[in-house]
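Report on the structure given below.
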Amino acid sequence: MNKNLLFLTLPFALTLGSTFPERKPMVEPAPLKDSFKGKFRIGAAVSTATLRGQEAGVEPIVRRHFDSVTAENAMKPDAMQPREGQFTFDDADKLVAMATETGAEVVGHTLVWHSQTPGWFFEGKDGQPLSRDVALARMRAHIKTVVGRYKGRVKEWDVVNEAINDGPGVLRDTPWRKAIGDDYIAEAFRAAHEADPSAILVYNDYNIELDYKRPKALELLKKLLDQKVPVHAVGIQSHWRIENPPLAEAEKAIQEFSALGLKVMITELDMGVLPSRYQGADISVTEGMTPEQVAVMNPYTKALPDEIDQKHAEKMASAFELFLRYRKVIGRVTLWGVHDGGSWLNNFPVRGRTDYPLLFDRSLKPKPAFFAVQKAAGS
Ligand code: G3I
């Protein structure tokens, strides 16, 4: 009998009496959040599909294993206020309700970003940039309404996401910056603090652990702190691969950011196993694959070879050993997704691939990386 069928029929058969040899039910691993209790919160990004009950089996994993939850997409500007004055809170409300039941902390992701933000926020009817005053008023209104609605229930906000430029200069030339000016970042943090003075306010970005971008992040954060802007933490997204970046760069970033007096949050950890020419998360960098490239760039469409699975587990464990060494300054570590099948990396930087970056596999079973991370927590 096909073993999958056996797996499916076994529980049913057991309820019909023992037509099958007695087998121990699959033992669920201990909750990951218990392993990290007293060290830092362990979180996951929760997809909108999960919040809408369209991904059976994922929500129980989130409830059991994670004491921090981030909406992968449901709390971004395009989801929260698609048209001016028209707010849609249903999906975010579901996340907050779930977290209230499980005692998890909610991370609001994200208030001000150049991506997934409808053009009306910073463009006039004629498509021209809005005046500073109007754009500032719209940004403040969004923040006041959204942060205000969840005051005291969403403990942490990724206030500004990915404002630093990968190319020359410190700041990315985003529509927000064009419409308001460089101080849009400070103004966003001030508005969020006004709306919920108890919330932990995070500056979130990718690759700021890397030598080329870390100095710019330090410069921006020092400037904000000198201006007494209420920024409390820095989010290192940590979209990594088993090949890079070297953890030594991440360690330097944790040391240097925490030396500013900021909490460090590992906000979007995943560990891709596929080859890629690009390191980072600039969503505009996407590419297709020629047939010749498929075999090289997408080699594990059927299954992941054990040795790669083990390598992934070792790298994940090394990353968590680093985080645990700095648990006094790290507030949380969030995995950017629950299971491999839902990872954004299946479509980035190359669309239509099969990657294996997370702790649960496509059948929602814990992977070797899950157990390696749990073991590291116990060490
Ligand atoms: O909602 C639409 C749906 O209506 C449509 O049918 C479908 C097909 O095009 O697209 C859906 O929107 C997608 C959205 O996720 C919701 O699923 C967008 O196309 C897709 O681009 C979007 O991707 C998200 C990406 O941010 C967008 O920038 C990923 O799920 C999400 O994991 C990723 O997360 C970001 C963080 O927010 C910030 N840091 C980088 C990280 C990776 O880019």
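FYI, nothing fancy with the structure tokens labels: chains A, B, ... in order, residues from 1 per chain, ligands from 1 as they appear.
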Just the residues within 6 Å of segment 347-363 of chain A, please, counting only C-alpha atoms, with nothing from its chain fewer than 5 positions along; format it as a list in words.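 Residues near the query, excluding close chain neighbours: Asp270, Met271, Gly272, Thr286, Glu287, Gly288, Asn298, Thr301, His339, Asp340, Gly341, Ala369 and Phe370 of chain A.
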So that I can see what lies close to segment 155-165 of chain A, please list as an MDAnalysis selection string the residues with an atom at most 9 Å from it, counting only C-alpha atoms and leaving out residues fewer than 5 positions away in the same chain. chainID A and resid 105:114 143 147 150 170:174 177 185 188:189 192 198:206 208 213 216:217 220 231 234:235 282
Distance atom 25 (C, counted along the ligand's line) of ligand 1-atom CA of Asn73 of chain A, one decimal place?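 According to the coordinates, atom 25 (C, counted along the ligand's line) of ligand 1 and atom CA of Asn73 of chain A are separated by 7.2 Å.
Omitting Pro31 of chain A and its sequence neighbours fewer than 2 positions away, and counting only C-alpha atoms, the residues within 12 Å are Val27, Glu28, Pro29, Lys33, Asp34, Ser35, Phe36, Lys37, Ile42, Gly43, Pro60, Ile61, Val62, Arg63, Arg64, His65, Phe66, Asp67, Pro366, Phe370, Phe371, Val373, Gln374 and Ala377 of chain A.
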Might you pull out every residue within 10 Å of Pro299 of chain A, with only C-alpha atoms counted and same-chain residues fewer than 5 positions away left off, and present them as a PDB file with C-alpha atoms, in the first residue's frame?
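The resulting result.pdb:
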```pdb
ATOM      1  CA  VAL A 273      19.608  26.476  -0.308  1.00  0.00           C
ATOM      2  CA  LEU A 274      19.450  27.406  -4.006  1.00  0.00           C
ATOM      3  CA  PRO A 275      22.169  29.139  -6.002  1.00  0.00           C
ATOM      4  CA  GLN A 293      19.583  27.600 -16.280  1.00  0.00           C
ATOM      5  CA  VAL A 294      16.786  25.528 -14.713  1.00  0.00           C
ATOM      6  CA  LEU A 304      16.076  17.992  -1.124  1.00  0.00           C
ATOM      7  CA  PRO A 305      19.114  15.700  -0.898  1.00  0.00           C
ATOM      8  CA  ARG A 353      11.756  27.594  -8.008  1.00  0.00           C
ATOM      9  CA  THR A 354      11.629  25.032  -5.185  1.00  0.00           C
ATOM     10  CA  ASP A 355      13.561  26.309  -2.200  1.00  0.00           C
TER      11      ASP A 355
END
```
6 Å shell around ligand 1 using only C-alpha atoms and all ligand atoms, listed as number ranges by chain: A: 72-73, 115, 281, 283, 344
Tell me, which residues of segment 252-351 of chain A carry DSSP strand (DSSP E), written as a ChimeraX atom specification? /A:263-272,330-335
Which of segment 155-222 of chain A fall in helix (DSSP H, G or I), as a count of residues only: 27
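Ranking A:Val229, A:Val285, A:Ile330, A:His193 by their shortest atom-to-atom distance to Gln255 of chain A, with only C-alpha atoms included, puts A:Ile330 first.
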Could you work out how far atom CA of Ser276 of chain A lies from atom CA of Met289 of chain A, giving the answer in Å with one decimal? 11.6 Å
Given the choices A:Glu251, A:Glu256, A:Asp133, A:Glu219, which gets closest to Gly181 of chain A if the distance is worked out from only C-alpha atoms?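 Checking each candidate against Gly181 of chain A, we get A:Asp133 as the closest.
Here atom CA of Arg241 of chain A stands at a distance of 16.0 Å from atom CA of Val296 of chain A.
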Show which residues sit within 7 Å of Leu51 of chain A, as a PyMOL selection string. Count only C-alpha atoms, and ignore same-chain residues fewer than 5 positions away. chain A and resi 91+94-95
Write a file of the selected residues as a CSV table (one decimal), in the first residue's frame, keeping C-alpha atoms.
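Output file out.csv is given in full below:
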```
chain,number,residue,atom,x,y,z
A,91,ASP,CA,-6.9,39.9,8.3
A,94,LYS,CA,-7.5,37.8,12.9
A,95,LEU,CA,-3.7,37.8,13.6
```
